[in-house]
Amino acid sequence: MLHNEHIIMLGLPRFDGPYESTNITIARELAKHNQVYYIDNPLTWKDYWQLRGTHALNSRKPFFDTNSNGIIQQEGNLYFVVTPPVPSLNFLPEGWLYRKLLSYSEGIIRKRIQRLLDSKHIKDFIFINSYNFHFPNIIKGLSSKCNIYHCVDPIIRPYDQKHGIISEAELIRNSDLVICTSKALQEAKSALHQNCLFIPNAADIAHSTKALDASLAIDEMIRDIPKPIIGYLGNIERRIDYGLVQELAALHPDKHFVFTGPVEPEFVPDWFFQTPNIHLTGRIDYDRLPALLKGFDVAILPFKKDAVSRTIFPLKLFEYLGAGKPTISTNFNPDLHSFTADTIMYCTDTQSFSEAIQTSLQNNSETLIAKRVAIAKENTWEKRALEISTAIEDYLYQQK
């Protein structure tokens with residue numbers, strides 16, 4: 001396990017974003033035993049103009065100065081670092097001009113990292129690119145002990161694919177160690193790098209188990225929705241099997257299907273908004289998650305089974321289990337079975353999913369709840385961070 005190391009981590013999520021992320025959670029866990037500097041995903045020139053007058057921009061402005069080391073916020077041994085804005089380049093076609101200007105942008109970020117290293121008198125450090133494939137060559141010219149790429153998702157959005165496929169391949173080839181959050185991702189990235197490991201996602205179990213507190217009130221967002229509630233937590237987007245959901249809602253008109261999370265309307269069919277027993281609540285702040293989960297009678301993960309879903313290792317499964325909830329999922333990623341034992345009902349079609357809902361409502365017990373929580377506690381962020389830390393330490397030991 002790593003101790004007293006300096007870790008520079010370039011992340012994709014911004015430190016003040018509205019959602020919890022694997023990237024920042026891992027940074028927080030590594031910072032329990034090391035000094036971690038999380039380099040915030042840089043604002044682009046376009047972002048700068050769009051965010052004029054907002055707290056997000058105004059709070060960063062003082063740290064754009066080239067003499068600043070960029071440290072905007074500190075949490076114990078975790079430092080959040082912002083960089084000056086970089087050019088907006090994604091509109092350009094792939095080619096030499098894009099790559100030339102990208103190199104200039106990377107130089108801006110690299111200078112900020114060097115300024116940070118100098119101001120903190122850091123000589124040796126570990127570099128982790130946490131899924132920020134947009135900047136594949138940040139580390140060039142900086143003398144790190146090892147370079148790690150943490151791949152947490154497939155690249156599927158057209159905006160990201162435009163340049164990201166080429167950039168990520170370059171990033172992987174130039175890394176010493178690649179860590180993937182699903183076996184399918186590991187298999188895909190192993191074609192580019194032989195030192196590729198599988199370390200899955202997890203969840204904040206201490207938070208989700210608050211749903212078991214008898215004194216906790218059900219969140220007002222769903223308090224007045226009639227029981228039983230079949231609940232989903234997460235983005236409402238392309239991964240959802242809408243055909244399955246439509247059939248389930250029709251088969252169970254006496255039940256209410258609650259979908260909590262941000263909606264990406266381009267992927268959601270019109271009928272989804274018009275079905276009486278389907279409720280879209282919008283996103284919820286993370287601190288309200290236990291009260292939301294307490295109101296679910298059954299938790300579901302109705303994902304499509306396709307090549308993209310095969311690469312997904314969703315942390316919400318362990319949040320559901322940590323709350324003690326009966327959990328039903330499509331069989332979109334068979335790798336999940338070995339991490340969830342027999343606590344989740346995996347279904348292959350509408351009929352089996354429908355039967356699983358009935359079974360879950362009719363057969364629940366304190367014994368089953370305890371078993372779910374026990375499995376969830378085997379999949380904590382603390383354990384995943386330990387696995388990542390150990391993998392890096394093993395690599396460093398092998399290089400001696």
# chains A, B, ... in the order shown; residues from 1 in each chain; ligands from 1
>>> residues_around(residues="segment 3-11 of chain A", least_positions_apart="6", cutoff="8 Å", atoms="only C-alpha atoms", output="list of chain:residue names")
A:Asn23, A:Ile24, A:Ala27, A:His33, A:Asn34, A:Gln35, A:Val36, A:Tyr37, A:Tyr38, A:Ile39, A:Asp40, A:Asn41, A:Ile122, A:Asp124, A:Phe125, A:Ile126, A:Phe127, A:Ile128, A:Asn129, A:Ser130, A:Tyr131, A:Asn132
>>> write_last_selection(atoms="C-alpha atoms", output="short mmCIF file (atom, residue, chain, number, x, y, z; two decimals), in the first residue's frame")
data_model
loop_
_atom_site.label_atom_id
_atom_site.label_comp_id
_atom_site.auth_asym_id
_atom_site.auth_seq_id
_atom_site.Cartn_x
_atom_site.Cartn_y
_atom_site.Cartn_z
CA ASN A 23 -12.37 9.84 -10.01
CA ILE A 24 -12.66 12.23 -7.07
CA ALA A 27 -8.51 10.73 -5.03
CA HIS A 33 -2.21 8.01 3.21
CA ASN A 34 -0.61 10.25 0.58
CA GLN A 35 -0.46 13.84 -0.64
CA VAL A 36 -2.82 13.97 -3.64
CA TYR A 37 -3.08 16.90 -6.04
CA TYR A 38 -6.21 16.65 -8.19
CA ILE A 39 -5.77 18.71 -11.37
CA ASP A 40 -9.24 19.93 -12.26
CA ASN A 41 -10.47 19.37 -15.82
CA ILE A 122 8.11 17.89 -4.97
CA ASP A 124 9.27 12.42 -6.97
CA PHE A 125 5.63 11.84 -7.81
CA ILE A 126 3.19 9.34 -9.28
CA PHE A 127 0.97 10.54 -12.13
CA ILE A 128 -2.58 9.25 -12.67
CA ASN A 129 -4.69 10.28 -15.64
CA SER A 130 -8.17 9.56 -14.32
CA TYR A 131 -10.15 9.11 -17.54
CA ASN A 132 -9.21 12.54 -18.95
#
>>> residues_around(residues="segment 375-388 of chain A", least_positions_apart="2", cutoff="10 Å", atoms="only C-alpha atoms", output="ChimeraX atom specification")
/A:1-2,22,25-32,150,179,197-206,208-209,315,317-324,339-343,370-373,390-394
>>> closest_residue(among="A:Leu116, A:Ala188, A:Ala217, A:Ile148", to="Asp176 of chain A", atoms="only C-alpha atoms")
A:Ile148
>>> residues_around(residues="Pro42 of chain A", least_positions_apart="6", cutoff="8 Å", atoms="only C-alpha atoms", output="PyMOL selection string")
chain A and resi 82-86+109
>>> residues_around(residues="Arg288 of chain A", least_positions_apart="4", cutoff="10 Å", atoms="only C-alpha atoms", output="ChimeraX atom specification")
/A:207-208,211,218-221,284,292-293
>>> closest_atom_pairs(of="segment 352-383 of chain A", to="segment 253-271 of chain A", cutoff="12 Å", atoms="only C-alpha atoms", output="Markdown table")
| residue | atom | partner | partner_atom | distance |
| --- | --- | --- | --- | --- |
| A:Ser354 | CA | A:Lys255 | CA | 11.4 |
| A:Ile357 | CA | A:Lys255 | CA | 9.9 |
| A:Gln358 | CA | A:Lys255 | CA | 10.4 |
| A:Leu361 | CA | A:Lys255 | CA | 10.7 |
>>> write_last_selection(atoms="N, CA and C atoms", output="PDB file, in the first residue's frame")
ATOM      1  N   SER A 354     -40.411  -9.514 -14.523  1.00  0.00           N
ATOM      2  CA  SER A 354     -41.723  -9.312 -13.906  1.00  0.00           C
ATOM      3  C   SER A 354     -41.918 -10.247 -12.715  1.00  0.00           C
ATOM      4  N   ILE A 357     -39.899  -9.120  -9.700  1.00  0.00           N
ATOM      5  CA  ILE A 357     -40.526  -8.028  -8.949  1.00  0.00           C
ATOM      6  C   ILE A 357     -41.523  -8.592  -7.947  1.00  0.00           C
ATOM      7  N   GLN A 358     -42.383  -9.502  -8.404  1.00  0.00           N
ATOM      8  CA  GLN A 358     -43.382 -10.105  -7.513  1.00  0.00           C
ATOM      9  C   GLN A 358     -42.713 -10.868  -6.370  1.00  0.00           C
ATOM     10  N   LEU A 361     -41.206  -8.533  -3.727  1.00  0.00           N
ATOM     11  CA  LEU A 361     -42.195  -7.873  -2.871  1.00  0.00           C
ATOM     12  C   LEU A 361     -42.800  -8.844  -1.854  1.00  0.00           C
TER      13      LEU A 361
END
>>> closest_residue(among="A:Lys140, A:Arg310, A:Lys294, A:Lys111", to="Ser68 of chain A", atoms="only C-alpha atoms")
A:Lys111
>>> atom_distance(atom1="atom CA of Gln246 of chain A", atom2="atom CA of Asp349 of chain A")
12.7 Å
>>> atom_distance(atom1="atom CA of Val152 of chain A", atom2="atom CA of Gln186 of chain A")
10.3 Å
>>> select_by_dssp(residues="segment 245-397 of chain A", states="strand (DSSP E or B)", output="ChimeraX atom specification")
/A:256-260,263,278-282,298-301,303,327-330,344-347,380
>>> write_last_selection(atoms="N, CA and C atoms", output="short mmCIF file (atom, residue, chain, number, x, y, z; two decimals), in the first residue's frame")
data_model
loop_
_atom_site.label_atom_id
_atom_site.label_comp_id
_atom_site.auth_asym_id
_atom_site.auth_seq_id
_atom_site.Cartn_x
_atom_site.Cartn_y
_atom_site.Cartn_z
N HIS A 256 -45.62 1.54 -8.97
CA HIS A 256 -45.14 2.82 -9.48
C HIS A 256 -43.63 2.77 -9.68
N PHE A 257 -43.23 3.07 -10.91
CA PHE A 257 -41.83 2.99 -11.31
C PHE A 257 -41.23 4.39 -11.22
N VAL A 258 -40.30 4.57 -10.30
CA VAL A 258 -39.69 5.87 -10.05
C VAL A 258 -38.28 5.89 -10.63
N PHE A 259 -38.00 6.88 -11.47
CA PHE A 259 -36.68 7.07 -12.06
C PHE A 259 -36.11 8.39 -11.55
N THR A 260 -35.06 8.30 -10.74
CA THR A 260 -34.46 9.48 -10.15
C THR A 260 -33.07 9.71 -10.75
N VAL A 263 -32.13 13.61 -16.81
CA VAL A 263 -32.70 13.03 -18.02
C VAL A 263 -31.95 13.57 -19.25
N ILE A 278 -45.23 5.74 -14.29
CA ILE A 278 -43.80 6.05 -14.37
C ILE A 278 -43.60 7.49 -13.90
N HIS A 279 -42.70 7.68 -12.94
CA HIS A 279 -42.47 8.99 -12.34
C HIS A 279 -41.00 9.37 -12.52
N LEU A 280 -40.74 10.52 -13.12
CA LEU A 280 -39.39 11.06 -13.24
C LEU A 280 -39.25 12.21 -12.25
N THR A 281 -38.35 12.06 -11.30
CA THR A 281 -38.23 13.04 -10.23
C THR A 281 -37.14 14.08 -10.47
N GLY A 282 -36.26 13.85 -11.46
CA GLY A 282 -35.09 14.70 -11.61
C GLY A 282 -33.97 14.21 -10.70
N VAL A 298 -38.43 -2.01 -4.19
CA VAL A 298 -37.54 -2.84 -5.00
C VAL A 298 -36.68 -1.88 -5.82
N ALA A 299 -35.39 -2.18 -5.93
CA ALA A 299 -34.48 -1.36 -6.74
C ALA A 299 -34.15 -2.12 -8.02
N ILE A 300 -34.09 -1.40 -9.13
CA ILE A 300 -33.87 -2.06 -10.42
C ILE A 300 -32.74 -1.40 -11.20
N LEU A 301 -32.18 -2.19 -12.10
CA LEU A 301 -31.19 -1.71 -13.06
C LEU A 301 -31.55 -2.29 -14.43
N PHE A 303 -30.87 -2.15 -17.68
CA PHE A 303 -29.97 -1.75 -18.76
C PHE A 303 -30.11 -2.68 -19.97
N THR A 327 -32.94 -6.25 -5.11
CA THR A 327 -32.39 -5.63 -6.32
C THR A 327 -32.52 -6.56 -7.50
N ILE A 328 -33.03 -6.01 -8.60
CA ILE A 328 -33.23 -6.78 -9.83
C ILE A 328 -32.50 -6.07 -10.96
N SER A 329 -31.82 -6.84 -11.79
CA SER A 329 -31.06 -6.27 -12.90
C SER A 329 -31.21 -7.15 -14.13
N THR A 330 -31.08 -6.52 -15.29
CA THR A 330 -30.90 -7.32 -16.50
C THR A 330 -29.50 -7.93 -16.45
N ILE A 344 -28.54 -10.49 -5.91
CA ILE A 344 -29.22 -9.77 -6.98
C ILE A 344 -29.87 -10.77 -7.92
N MET A 345 -31.08 -10.47 -8.34
CA MET A 345 -31.78 -11.33 -9.31
C MET A 345 -31.48 -10.80 -10.70
N TYR A 346 -30.72 -11.57 -11.48
CA TYR A 346 -30.37 -11.17 -12.85
C TYR A 346 -31.36 -11.82 -13.81
N CYS A 347 -31.93 -11.00 -14.70
CA CYS A 347 -33.01 -11.47 -15.56
C CYS A 347 -32.64 -11.32 -17.04
N THR A 380 -16.46 -1.71 -1.07
CA THR A 380 -16.36 -0.31 -0.66
C THR A 380 -15.25 0.41 -1.43
#
>>> closest_residue(among="A:Gly164, A:Pro326, A:Pro154, A:Pro290", to="Glu94 of chain A", atoms="only C-alpha atoms")
A:Gly164
>>> closest_residue(among="A:Ser338, A:Asn331, A:Gln114, A:Ser360", to="Ile229 of chain A", atoms="only C-alpha atoms")
A:Ser360
>>> residues_around(residues="Tyr98 of chain A", least_positions_apart="5", cutoff="9 Å", atoms="only C-alpha atoms", output="list in words")
Leu89, Asn90, Leu92, Pro93, Ser103 and His163 of chain A
>>> select_by_dssp(residues="segment 176-336 of chain A", states="alpha helix (DSSP H)", output="MDAnalysis selection string")
chainID A and resid 183:189 205:208 242:251 270:274 289:295 316:322
>>> atom_distance(atom1="atom CA of Pro226 of chain A", atom2="atom CA of Thr348 of chain A")
28.0 Å
>>> decode(residues="segment 74-203 of chain A", atoms="C-alpha atoms", output="PDB file, in the first residue's frame")
ATOM      1  CA  GLN A  74      -7.821  21.647   0.315  1.00  0.00           C
ATOM      2  CA  GLU A  75      -9.404  18.671   2.097  1.00  0.00           C
ATOM      3  CA  GLY A  76      -6.820  17.193   4.431  1.00  0.00           C
ATOM      4  CA  ASN A  77      -4.134  15.754   2.169  1.00  0.00           C
ATOM      5  CA  LEU A  78      -6.233  16.292  -0.975  1.00  0.00           C
ATOM      6  CA  TYR A  79      -5.543  19.482  -2.930  1.00  0.00           C
ATOM      7  CA  PHE A  80      -7.737  20.641  -5.809  1.00  0.00           C
ATOM      8  CA  VAL A  81      -5.751  22.499  -8.458  1.00  0.00           C
ATOM      9  CA  VAL A  82      -7.141  24.618 -11.297  1.00  0.00           C
ATOM     10  CA  THR A  83      -5.316  25.626 -14.452  1.00  0.00           C
ATOM     11  CA  PRO A  84      -5.706  28.625 -16.770  1.00  0.00           C
ATOM     12  CA  PRO A  85      -8.332  28.096 -19.508  1.00  0.00           C
ATOM     13  CA  VAL A  86      -7.287  26.238 -22.644  1.00  0.00           C
ATOM     14  CA  PRO A  87      -8.416  26.748 -26.255  1.00  0.00           C
ATOM     15  CA  SER A  88     -11.710  25.209 -27.405  1.00  0.00           C
ATOM     16  CA  LEU A  89     -10.606  22.685 -30.004  1.00  0.00           C
ATOM     17  CA  ASN A  90     -13.221  19.973 -30.394  1.00  0.00           C
ATOM     18  CA  PHE A  91     -14.837  21.689 -33.410  1.00  0.00           C
ATOM     19  CA  LEU A  92     -11.674  21.015 -35.423  1.00  0.00           C
ATOM     20  CA  PRO A  93     -11.405  17.874 -37.558  1.00  0.00           C
ATOM     21  CA  GLU A  94      -8.920  15.246 -36.490  1.00  0.00           C
ATOM     22  CA  GLY A  95      -5.524  15.954 -38.023  1.00  0.00           C
ATOM     23  CA  TRP A  96      -2.240  17.787 -37.670  1.00  0.00           C
ATOM     24  CA  LEU A  97      -3.784  21.172 -36.796  1.00  0.00           C
ATOM     25  CA  TYR A  98      -5.881  19.719 -33.985  1.00  0.00           C
ATOM     26  CA  ARG A  99      -2.899  17.808 -32.602  1.00  0.00           C
ATOM     27  CA  LYS A 100      -0.647  20.887 -32.847  1.00  0.00           C
ATOM     28  CA  LEU A 101      -3.115  23.065 -30.909  1.00  0.00           C
ATOM     29  CA  LEU A 102      -3.788  20.246 -28.450  1.00  0.00           C
ATOM     30  CA  SER A 103      -0.057  20.179 -27.711  1.00  0.00           C
ATOM     31  CA  TYR A 104      -0.265  23.909 -26.929  1.00  0.00           C
ATOM     32  CA  SER A 105      -3.191  23.290 -24.539  1.00  0.00           C
ATOM     33  CA  GLU A 106      -1.311  20.488 -22.844  1.00  0.00           C
ATOM     34  CA  GLY A 107       1.613  22.860 -22.405  1.00  0.00           C
ATOM     35  CA  ILE A 108      -0.624  25.218 -20.394  1.00  0.00           C
ATOM     36  CA  ILE A 109      -1.614  22.393 -18.055  1.00  0.00           C
ATOM     37  CA  ARG A 110       1.957  21.069 -17.865  1.00  0.00           C
ATOM     38  CA  LYS A 111       3.293  24.489 -16.827  1.00  0.00           C
ATOM     39  CA  ARG A 112       0.716  24.632 -14.042  1.00  0.00           C
ATOM     40  CA  ILE A 113       1.782  21.180 -12.810  1.00  0.00           C
ATOM     41  CA  GLN A 114       5.430  22.237 -12.919  1.00  0.00           C
ATOM     42  CA  ARG A 115       4.596  25.407 -10.975  1.00  0.00           C
ATOM     43  CA  LEU A 116       2.824  23.232  -8.403  1.00  0.00           C
ATOM     44  CA  LEU A 117       5.787  20.848  -8.129  1.00  0.00           C
ATOM     45  CA  ASP A 118       8.212  23.737  -7.661  1.00  0.00           C
ATOM     46  CA  SER A 119       6.093  25.530  -5.066  1.00  0.00           C
ATOM     47  CA  LYS A 120       5.676  22.351  -3.019  1.00  0.00           C
ATOM     48  CA  HIS A 121       9.291  21.208  -3.564  1.00  0.00           C
ATOM     49  CA  ILE A 122       8.106  17.890  -4.972  1.00  0.00           C
ATOM     50  CA  LYS A 123      10.869  15.853  -6.606  1.00  0.00           C
ATOM     51  CA  ASP A 124       9.266  12.420  -6.973  1.00  0.00           C
ATOM     52  CA  PHE A 125       5.629  11.841  -7.813  1.00  0.00           C
ATOM     53  CA  ILE A 126       3.186   9.341  -9.279  1.00  0.00           C
ATOM     54  CA  PHE A 127       0.974  10.542 -12.133  1.00  0.00           C
ATOM     55  CA  ILE A 128      -2.578   9.252 -12.665  1.00  0.00           C
ATOM     56  CA  ASN A 129      -4.688  10.275 -15.636  1.00  0.00           C
ATOM     57  CA  SER A 130      -8.171   9.558 -14.316  1.00  0.00           C
ATOM     58  CA  TYR A 131     -10.146   9.111 -17.537  1.00  0.00           C
ATOM     59  CA  ASN A 132      -9.209  12.537 -18.945  1.00  0.00           C
ATOM     60  CA  PHE A 133      -8.341  11.092 -22.343  1.00  0.00           C
ATOM     61  CA  HIS A 134      -8.753  14.551 -23.917  1.00  0.00           C
ATOM     62  CA  PHE A 135      -5.190  15.333 -22.798  1.00  0.00           C
ATOM     63  CA  PRO A 136      -3.064  12.249 -23.541  1.00  0.00           C
ATOM     64  CA  ASN A 137       0.428  13.767 -23.284  1.00  0.00           C
ATOM     65  CA  ILE A 138       0.357  15.969 -20.193  1.00  0.00           C
ATOM     66  CA  ILE A 139       3.166  14.020 -18.556  1.00  0.00           C
ATOM     67  CA  LYS A 140       5.703  14.554 -21.357  1.00  0.00           C
ATOM     68  CA  GLY A 141       8.647  16.476 -19.986  1.00  0.00           C
ATOM     69  CA  LEU A 142       7.697  15.815 -16.352  1.00  0.00           C
ATOM     70  CA  SER A 143       9.715  13.189 -14.478  1.00  0.00           C
ATOM     71  CA  SER A 144       7.169  10.985 -12.747  1.00  0.00           C
ATOM     72  CA  LYS A 145       7.969   7.683 -11.035  1.00  0.00           C
ATOM     73  CA  CYS A 146       5.203   5.991 -13.026  1.00  0.00           C
ATOM     74  CA  ASN A 147       2.251   6.917 -15.224  1.00  0.00           C
ATOM     75  CA  ILE A 148      -1.157   5.319 -14.707  1.00  0.00           C
ATOM     76  CA  TYR A 149      -4.288   5.562 -16.813  1.00  0.00           C
ATOM     77  CA  HIS A 150      -7.523   4.886 -14.912  1.00  0.00           C
ATOM     78  CA  CYS A 151     -10.183   3.929 -17.465  1.00  0.00           C
ATOM     79  CA  VAL A 152     -13.633   4.130 -15.868  1.00  0.00           C
ATOM     80  CA  ASP A 153     -15.936   3.956 -18.919  1.00  0.00           C
ATOM     81  CA  PRO A 154     -16.042   3.275 -22.642  1.00  0.00           C
ATOM     82  CA  ILE A 155     -15.901   6.300 -24.932  1.00  0.00           C
ATOM     83  CA  ILE A 156     -19.352   6.372 -26.495  1.00  0.00           C
ATOM     84  CA  ARG A 157     -20.506   9.974 -26.941  1.00  0.00           C
ATOM     85  CA  PRO A 158     -19.893  11.427 -30.426  1.00  0.00           C
ATOM     86  CA  TYR A 159     -18.285  14.532 -28.881  1.00  0.00           C
ATOM     87  CA  ASP A 160     -15.748  12.348 -27.047  1.00  0.00           C
ATOM     88  CA  GLN A 161     -15.243   9.876 -29.877  1.00  0.00           C
ATOM     89  CA  LYS A 162     -14.312  12.581 -32.395  1.00  0.00           C
ATOM     90  CA  HIS A 163     -10.773  12.859 -31.009  1.00  0.00           C
ATOM     91  CA  GLY A 164     -10.950  10.673 -27.927  1.00  0.00           C
ATOM     92  CA  ILE A 165     -10.494   7.284 -29.590  1.00  0.00           C
ATOM     93  CA  ILE A 166      -7.111   8.314 -30.994  1.00  0.00           C
ATOM     94  CA  SER A 167      -6.114  10.231 -27.859  1.00  0.00           C
ATOM     95  CA  GLU A 168      -6.982   7.398 -25.484  1.00  0.00           C
ATOM     96  CA  ALA A 169      -5.016   4.873 -27.544  1.00  0.00           C
ATOM     97  CA  GLU A 170      -1.998   7.174 -27.365  1.00  0.00           C
ATOM     98  CA  LEU A 171      -2.504   7.676 -23.633  1.00  0.00           C
ATOM     99  CA  ILE A 172      -2.681   3.928 -23.014  1.00  0.00           C
ATOM    100  CA  ARG A 173       0.457   3.191 -25.039  1.00  0.00           C
ATOM    101  CA  ASN A 174       2.396   5.840 -23.095  1.00  0.00           C
ATOM    102  CA  SER A 175       1.268   4.637 -19.662  1.00  0.00           C
ATOM    103  CA  ASP A 176       3.147   2.234 -17.413  1.00  0.00           C
ATOM    104  CA  LEU A 177      -0.009   0.753 -15.929  1.00  0.00           C
ATOM    105  CA  VAL A 178      -3.656   0.755 -17.052  1.00  0.00           C
ATOM    106  CA  ILE A 179      -6.475   0.149 -14.563  1.00  0.00           C
ATOM    107  CA  CYS A 180      -9.981  -0.589 -15.889  1.00  0.00           C
ATOM    108  CA  THR A 181     -13.285  -0.726 -14.028  1.00  0.00           C
ATOM    109  CA  SER A 182     -14.710  -3.705 -15.950  1.00  0.00           C
ATOM    110  CA  LYS A 183     -13.344  -6.910 -17.440  1.00  0.00           C
ATOM    111  CA  ALA A 184     -14.642  -5.943 -20.880  1.00  0.00           C
ATOM    112  CA  LEU A 185     -12.686  -2.684 -20.739  1.00  0.00           C
ATOM    113  CA  GLN A 186      -9.623  -4.594 -19.575  1.00  0.00           C
ATOM    114  CA  GLU A 187      -9.926  -7.014 -22.475  1.00  0.00           C
ATOM    115  CA  ALA A 188     -10.262  -4.152 -24.966  1.00  0.00           C
ATOM    116  CA  LYS A 189      -7.370  -2.092 -23.579  1.00  0.00           C
ATOM    117  CA  SER A 190      -5.096  -5.132 -23.242  1.00  0.00           C
ATOM    118  CA  ALA A 191      -4.729  -5.060 -27.027  1.00  0.00           C
ATOM    119  CA  LEU A 192      -2.849  -1.773 -26.557  1.00  0.00           C
ATOM    120  CA  HIS A 193      -1.026  -2.450 -23.297  1.00  0.00           C
ATOM    121  CA  GLN A 194       0.101  -5.683 -21.677  1.00  0.00           C
ATOM    122  CA  ASN A 195       0.067  -4.262 -18.143  1.00  0.00           C
ATOM    123  CA  CYS A 196      -3.697  -3.799 -17.852  1.00  0.00           C
ATOM    124  CA  LEU A 197      -5.622  -4.601 -14.650  1.00  0.00           C
ATOM    125  CA  PHE A 198      -9.287  -4.943 -13.686  1.00  0.00           C
ATOM    126  CA  ILE A 199     -10.305  -3.146 -10.477  1.00  0.00           C
ATOM    127  CA  PRO A 200     -14.066  -2.516 -10.381  1.00  0.00           C
ATOM    128  CA  ASN A 201     -16.151   0.352  -9.033  1.00  0.00           C
ATOM    129  CA  ALA A 202     -17.651   0.333  -5.559  1.00  0.00           C
ATOM    130  CA  ALA A 203     -19.902   2.539  -3.420  1.00  0.00           C
TER     131      ALA A 203
END
